[in-house]
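> What follows is data.txt, made up of compact mmCIF, C-alpha atoms:
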```
# COMPACT_ATOMS: atom_id res chain seq x y z
CA MET A 1 136.90 90.83 154.44
CA LYS A 2 138.67 88.22 152.33
CA VAL A 3 138.11 90.38 149.24
CA LYS A 4 139.71 93.40 150.98
CA CYS A 5 142.70 91.33 152.06
CA LEU A 6 143.11 90.04 148.51
CA VAL A 7 143.01 93.57 147.07
CA ILE A 8 145.58 94.80 149.60
CA LEU A 9 147.83 91.82 148.84
CA CYS A 10 147.63 92.49 145.10
CA LEU A 11 148.47 96.16 145.62
CA MET A 12 151.47 95.24 147.77
CA MET A 13 152.73 92.82 145.11
CA PHE A 14 152.30 95.46 142.40
CA ILE A 15 154.16 98.10 144.43
CA CYS A 16 156.99 95.69 145.24
CA GLY A 17 157.23 94.75 141.58
CA CYS A 18 157.58 98.39 140.50
CA GLN A 19 160.16 98.96 143.21
CA LYS A 20 162.28 96.05 141.95
CA VAL A 21 162.21 97.36 138.39
CA GLN A 22 163.14 100.89 139.45
CA ASP A 23 165.96 99.76 141.74
CA LYS A 24 167.43 97.34 139.22
CA ASP A 25 171.17 97.84 138.83
CA ILE A 26 172.09 99.92 135.77
CA SER A 27 174.60 97.34 134.55
CA ALA A 28 171.88 94.67 134.70
CA ILE A 29 169.74 96.74 132.32
CA THR A 30 172.50 97.06 129.75
CA ASP A 31 173.46 93.39 130.10
CA LYS A 32 169.88 92.22 129.58
CA LEU A 33 169.38 94.36 126.50
CA ALA A 34 172.65 93.18 125.01
CA SER A 35 170.88 90.28 123.31
CA GLU A 36 167.62 92.07 122.55
CA ILE A 37 168.13 93.51 119.07
CA LYS A 38 164.91 94.89 117.61
CA LYS A 39 164.15 95.04 113.89
CA SER A 40 164.82 98.48 112.40
CA ASN A 41 161.83 100.71 111.73
CA THR A 42 163.54 104.09 111.25
CA TYR A 43 165.71 104.74 108.18
CA ARG A 44 168.29 107.46 107.51
CA SER A 45 171.07 108.06 104.96
CA GLY A 46 173.71 105.42 105.65
CA TYR A 47 172.12 103.87 108.73
CA LYS A 48 168.90 102.62 110.32
CA TYR A 49 167.69 101.83 113.83
CA TYR A 50 164.77 100.66 115.95
CA LEU A 51 162.55 103.30 117.55
CA PRO A 52 160.42 101.99 120.45
CA THR A 53 156.68 102.25 119.76
CA ASN A 54 156.08 104.66 122.65
CA MET A 55 158.56 107.18 121.22
CA SER A 56 158.29 109.55 118.26
CA ILE A 57 160.56 111.75 116.14
CA LYS A 58 160.27 115.44 116.97
CA GLU A 59 162.74 116.56 114.31
CA TYR A 60 165.75 115.23 112.45
CA SER A 61 168.58 116.20 110.12
CA LEU A 62 171.27 114.18 108.35
CA TYR A 63 172.78 112.51 111.43
CA ASN A 64 170.81 114.00 114.32
CA ASP A 65 167.40 112.92 115.59
CA VAL A 66 165.45 114.58 118.40
CA ILE A 67 163.13 111.97 119.91
CA ASN A 68 160.09 112.54 122.11
CA SER A 69 159.27 110.23 125.02
CA GLU A 70 157.47 110.38 128.35
CA GLU A 71 160.79 110.41 130.21
CA GLY A 72 162.26 113.35 128.33
CA LEU A 73 163.76 114.51 125.07
CA PHE A 74 166.32 112.11 123.56
CA TYR A 75 169.03 113.58 121.36
CA LEU A 76 170.55 110.98 119.01
CA TYR A 77 173.76 111.64 117.08
CA VAL A 78 175.28 109.11 114.67
CA ASP A 79 178.98 109.54 113.87
CA ILE A 80 179.54 107.93 110.46
CA ILE A 81 183.06 109.38 110.20
CA SER A 82 184.19 107.57 113.37
CA PHE A 83 182.41 104.46 112.11
CA LYS A 84 184.23 104.54 108.77
CA ASP A 85 187.61 105.22 110.44
CA LYS A 86 186.86 102.63 113.16
CA SER A 87 187.99 105.17 115.76
CA LYS A 88 188.94 103.73 119.13
CA ASN A 89 186.94 104.50 122.25
CA THR A 90 188.94 107.09 124.21
CA TYR A 91 186.50 107.40 127.10
CA VAL A 92 187.94 107.17 130.62
CA VAL A 93 185.68 106.18 133.53
CA ASN A 94 184.74 109.26 135.56
CA GLU A 95 185.00 108.50 139.26
CA ASP A 96 183.19 111.74 140.13
CA ALA A 97 180.08 110.94 138.09
CA TYR A 98 176.84 109.59 139.56
CA TYR A 99 177.45 106.58 137.30
CA SER A 100 180.21 105.90 134.79
CA ALA A 101 181.17 102.72 132.95
CA LEU A 102 182.58 101.33 129.73
CA LEU A 103 180.30 99.24 127.49
CA GLU A 104 181.30 96.28 125.34
CA MET A 105 178.93 93.98 123.48
CA ASP A 106 179.65 91.80 120.44
CA ASN A 107 183.00 93.50 119.80
CA LYS A 108 181.30 96.90 119.84
CA VAL A 109 182.31 99.43 122.47
CA GLY A 110 181.01 102.54 124.13
CA TYR A 111 180.37 104.12 127.50
CA ILE A 112 177.68 105.44 129.79
CA GLU A 113 177.91 108.41 132.11
CA ILE A 114 175.19 109.92 134.30
CA ASN A 115 175.58 113.23 136.11
CA LEU A 116 173.33 115.26 138.39
CA GLN A 117 172.66 118.71 136.94
CA GLU A 118 171.85 122.03 138.61
CA ASN A 119 168.14 121.58 137.83
CA ASP A 120 168.09 118.41 139.99
CA GLN A 121 167.73 116.26 136.89
CA TYR A 122 170.19 113.70 135.59
CA LEU A 123 171.96 113.99 132.26
CA ILE A 124 172.42 110.55 130.72
CA GLU A 125 175.11 110.26 128.06
CA ILE A 126 175.42 106.87 126.44
CA MET A 127 177.52 106.01 123.39
CA PHE A 128 177.62 102.65 121.65
CA ASN A 129 178.62 101.52 118.16
CA TYR A 130 179.48 105.08 117.02
CA ALA A 131 176.08 106.49 117.96
CA LYS A 132 175.29 108.58 121.03
CA ILE A 133 172.19 109.55 122.98
CA GLU A 134 171.88 112.36 125.50
CA VAL A 135 168.76 112.82 127.60
CA MET A 136 167.88 114.77 130.75
CA VAL A 137 165.49 112.98 133.12
CA ASP A 138 164.22 112.92 136.68
CA TYR A 139 165.76 110.36 139.04
CA ASP A 140 162.72 108.07 138.86
CA ASN A 141 163.03 107.84 135.06
CA ILE A 142 166.72 106.93 134.83
CA ASN A 143 166.20 103.18 134.37
CA LEU A 144 163.43 103.50 131.80
CA ALA A 145 165.34 106.13 129.82
CA LEU A 146 168.39 103.88 129.85
CA SER A 147 166.36 100.94 128.57
CA HIS A 148 165.09 102.99 125.64
CA ALA A 149 168.50 104.47 124.89
CA VAL A 150 170.22 101.08 124.85
CA SER A 151 167.46 99.59 122.68
CA ILE A 152 168.01 102.32 120.09
CA LEU A 153 171.81 102.27 120.12
CA ARG A 154 171.97 98.48 120.13
CA SER A 155 169.87 98.36 116.94
CA VAL A 156 171.86 100.84 114.83
CA GLU A 157 173.01 99.29 111.55
CA TYR A 158 175.26 101.00 109.01
CA ASN A 159 175.30 100.82 105.22
CA ASP A 160 178.96 100.90 104.18
CA SER A 161 178.39 101.71 100.51
CA VAL A 162 176.04 104.62 101.23
CA ILE A 163 178.39 106.00 103.89
CA ALA A 164 181.37 105.78 101.51
CA SER A 165 179.37 107.73 98.95
CA LEU A 166 178.31 110.37 101.47
CA LEU A 167 181.80 110.87 102.82
CA GLY A 168 183.05 111.42 99.30
CA ASP A 169 180.54 114.21 98.89
CA SER A 170 181.06 117.78 100.10
CA ILE A 171 177.61 117.74 101.74
CA LEU A 172 179.19 116.86 105.09
CA ASN A 173 181.40 119.93 105.04
CA PHE A 174 178.43 122.25 104.81
CA GLN A 175 175.61 120.57 106.72
CA GLU A 176 177.28 118.80 109.65
CA GLU A 177 179.39 120.32 112.41
CA VAL A 178 182.40 118.49 113.80
CA TYR A 179 181.47 116.66 117.00
CA ASN A 180 183.61 114.42 119.17
CA ILE A 181 181.35 111.50 120.05
CA PHE A 182 183.78 110.27 122.72
CA ASN A 183 183.45 113.48 124.77
CA THR A 184 181.00 113.75 127.64
CA THR A 185 179.26 116.87 128.93
CA SER A 186 181.22 119.79 127.49
CA SER A 187 180.97 122.81 125.27
CA ASP A 188 180.26 120.56 122.28
CA SER A 189 177.36 118.69 123.87
CA ASN A 190 174.61 118.47 121.25
CA TYR A 191 171.90 118.01 123.85
CA LEU A 192 172.93 121.04 125.90
CA LYS A 193 173.23 123.15 122.74
CA TYR A 194 169.71 122.13 121.76
CA VAL A 195 168.39 123.04 125.22
CA GLU A 196 170.16 126.40 125.13
CA GLU A 197 168.79 127.17 121.67
CA ASP A 198 165.30 126.15 122.77
CA GLU A 199 165.50 128.39 125.85
CA LEU A 200 166.76 131.27 123.69
CA LYS A 201 163.80 130.87 121.33
CA GLU A 202 161.38 130.91 124.29
CA LYS A 203 162.96 134.11 125.63
CA GLU A 204 162.73 135.75 122.20
CA GLN A 205 159.08 134.77 121.94
CA GLU A 206 158.37 136.19 125.41
CA GLU A 207 160.09 139.46 124.47
CA GLU A 208 158.04 139.67 121.27
CA ILE A 209 154.83 139.19 123.26
CA LYS A 210 155.88 141.91 125.73
CA ASP A 211 156.69 144.28 122.88
CA THR A 212 153.29 143.61 121.32
CA ASP A 213 151.59 144.37 124.62
CA LEU A 214 153.42 147.69 124.87
CA ILE A 215 152.34 148.65 121.33
CA ASN A 216 148.70 147.83 122.13
```
What does this structure look like when you write it as C-alpha cells?


Amino acid sequence: MKVKCLVILCLMMFICGCQKVQDKDISAITDKLASEIKKSNTYRSGYKYYLPTNMSIKEYSLYNDVINSEEGLFYLYVDIISFKDKSKNTYVVNEDAYYSALLEMDNKVGYIEINLQENDQYLIEIMFNYAKIEVMVDYDNINLALSHAVSILRSVEYNDSVIASLLGDSILNFQEEVYNIFNTTSSDSNYLKYVEEDELKEKEQEEEIKDTDLIN
C-alpha cells in the first residue's frame, strides 16, 4: 500500500512539474535564455550559430536554413544586409496577435509574434540580432519551440570581414531574394512560401501517380 501511494505521489509531482513548464510565461522563457549563450556548432558564410543537439538541418542555402525538430519545421533567415547597415527595428506590437512583444538583450533588439492559423496551429515569428525564425507548431509545443528558437537566435555571431567581402560580390544579386526581416506574416513570409512550395510539390507528385495509374 505504501509503495502504491509513493508511486501515485511521484506521478502527481511529475505531472505538476510538466504543467509548470508548459504554462511558464513566454517572457520568462526569453528572459531566462538571455544569459544562456551556447557555443556555435553550425557555420555559414559570414555567420555561425548554435544548433540544439535534438535538432538537425534539413536543407540550407546561403542565408536560409530549414531545421528539423520534434515540434515542427524551423525556418531560419539571416539578414546580413540589415546587420551591416545596422537597420533599426521597425516592428510595432500587434495588439490583435495571440502574443506580441519587443525583445531587447545586450543592446540587441528584435520582436516576437505568435498568431493562430486556420489549421489550428500557431505561427511563431521571432527576430533577434538580424536573424529570424518562423515555425508552425501545436499549442502544446509553443514554449519548447520558443526555447529552441531563442537559443539559436541568441547564439548568432557575425564575421564582419567575410560579410563585407560577400556584400561586395554580385553573388547576392543572383542567389538571394530581397526579404524584409522586420515584417511579420505577409506575402514575403519565407516560412509560408516554403510550406506553399512543399504543398505544391506534393500535389504534383499525386497528379503524377494518378496519371501513371491511368496509363497502366

> Between A:Leu144, A:Phe182, A:Val66, A:Tyr50, single out the one closest to Val92 (chain A), counting all atoms listed in the file.

A:Phe182

> I'd like to know which of A:Ser100, A:Ser82, A:Ser56, A:Asn141 is closest to Ile126 (chain A), using only C-alpha atoms.

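The answer is A:Ser100, which sits nearest to Ile126 (chain A).
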
> Considering all atoms listed in the file, return as a list in words whatever protein or nucleic-acid residues lie within 9 Å of Glu157 (chain A), sequence-local ones (same chain, fewer than 3 positions apart) excluded.

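The residues satisfying every condition are Ser40, Gly46, Tyr47, Lys48, Tyr49, Asn129 and Arg154 of chain A.
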
> How many Å separate CA of Asn143 (chain A) from CA of Lys88 (chain A)?

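Interatomic distance, CA of Asn143 (chain A) to CA of Lys88 (chain A): 27.4 Å.
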
> May I ask for the distance between CA of Gly110 (chain A) and CA of Asn89 (chain A), given in Å to one decimal place?

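Distance between the two atoms: 6.5 Å.
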
> For each of A:Tyr91, A:Tyr60, A:Phe128, A:Tyr122, take the minimum atom-to-atom distance to Asp106 (chain A), counting only C-alpha atoms, then give the residue where this is smallest.

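Residue with the minimum atom-to-atom distance to Asp106 (chain A): A:Phe128.
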
> Please provide as a VMD selection string all residues within 12 Å of Asp138 (chain A), with the sequence filter that same-chain residues fewer than 6 positions apart are discarded (counting only C-alpha atoms).

chain A and resid 70 to 73 114 to 117 119 to 124 144 to 145

> Edge lengths and centre, in Å to one decimal, as lines of an AutoDock Vina configuration file: that's what I need for the box along x, y and z that holds all listed atoms of region 36-50 of chain A plus 8 Å on each side.


```
center_x = 167.8
center_y = 100.1
center_z = 113.8
size_x = 27.9
size_y = 32.0
size_z = 33.6
```

> Give me the residues within 12 Å of Leu167 (chain A) as a count of residues only, counting all atoms listed in the file and dropping any in the same chain fewer than 5 places off.

15

> For CA of Asp96 (chain A) and CA of Ile112 (chain A), quote the distance in Å rounded to one decimal.

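Atom-to-atom, CA of Asp96 (chain A) and CA of Ile112 (chain A) are spaced 13.3 Å apart.
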
> Using only C-alpha atoms, which residue out of A:Asn159, A:Ala28, A:Leu146, A:Asp140 lies closest to Arg44 (chain A)?

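So, comparing all the options, the nearest one is A:Asn159.
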
> Restricting the calculation to all atoms listed in the file, which member of A:Tyr139, A:Tyr130, A:Tyr63, A:Tyr77 is positioned closest to Leu166 (chain A)?

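The closest residue to Leu166 (chain A) is A:Tyr63.
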
> Got a sec: who's within 12 Å of Phe74 (chain A), counting all atoms listed in the file, leaving out chain neighbours fewer than 4 positions off, as JSON, numbers by chain?

{"A": [51, 55, 56, 57, 58, 59, 60, 64, 65, 66, 67, 68, 69, 70, 123, 124, 125, 126, 132, 133, 134, 135, 136, 137, 145, 146, 148, 149, 150, 152, 153, 190, 191, 192, 194, 195]}

> For a quick check of understanding, using only C-alpha atoms, which of A:Ile37, A:Val156, A:Val109, A:Ile142 has the smallest distance to Lys86 (chain A)?

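Among the listed residues, A:Val109 lies closest to Lys86 (chain A).
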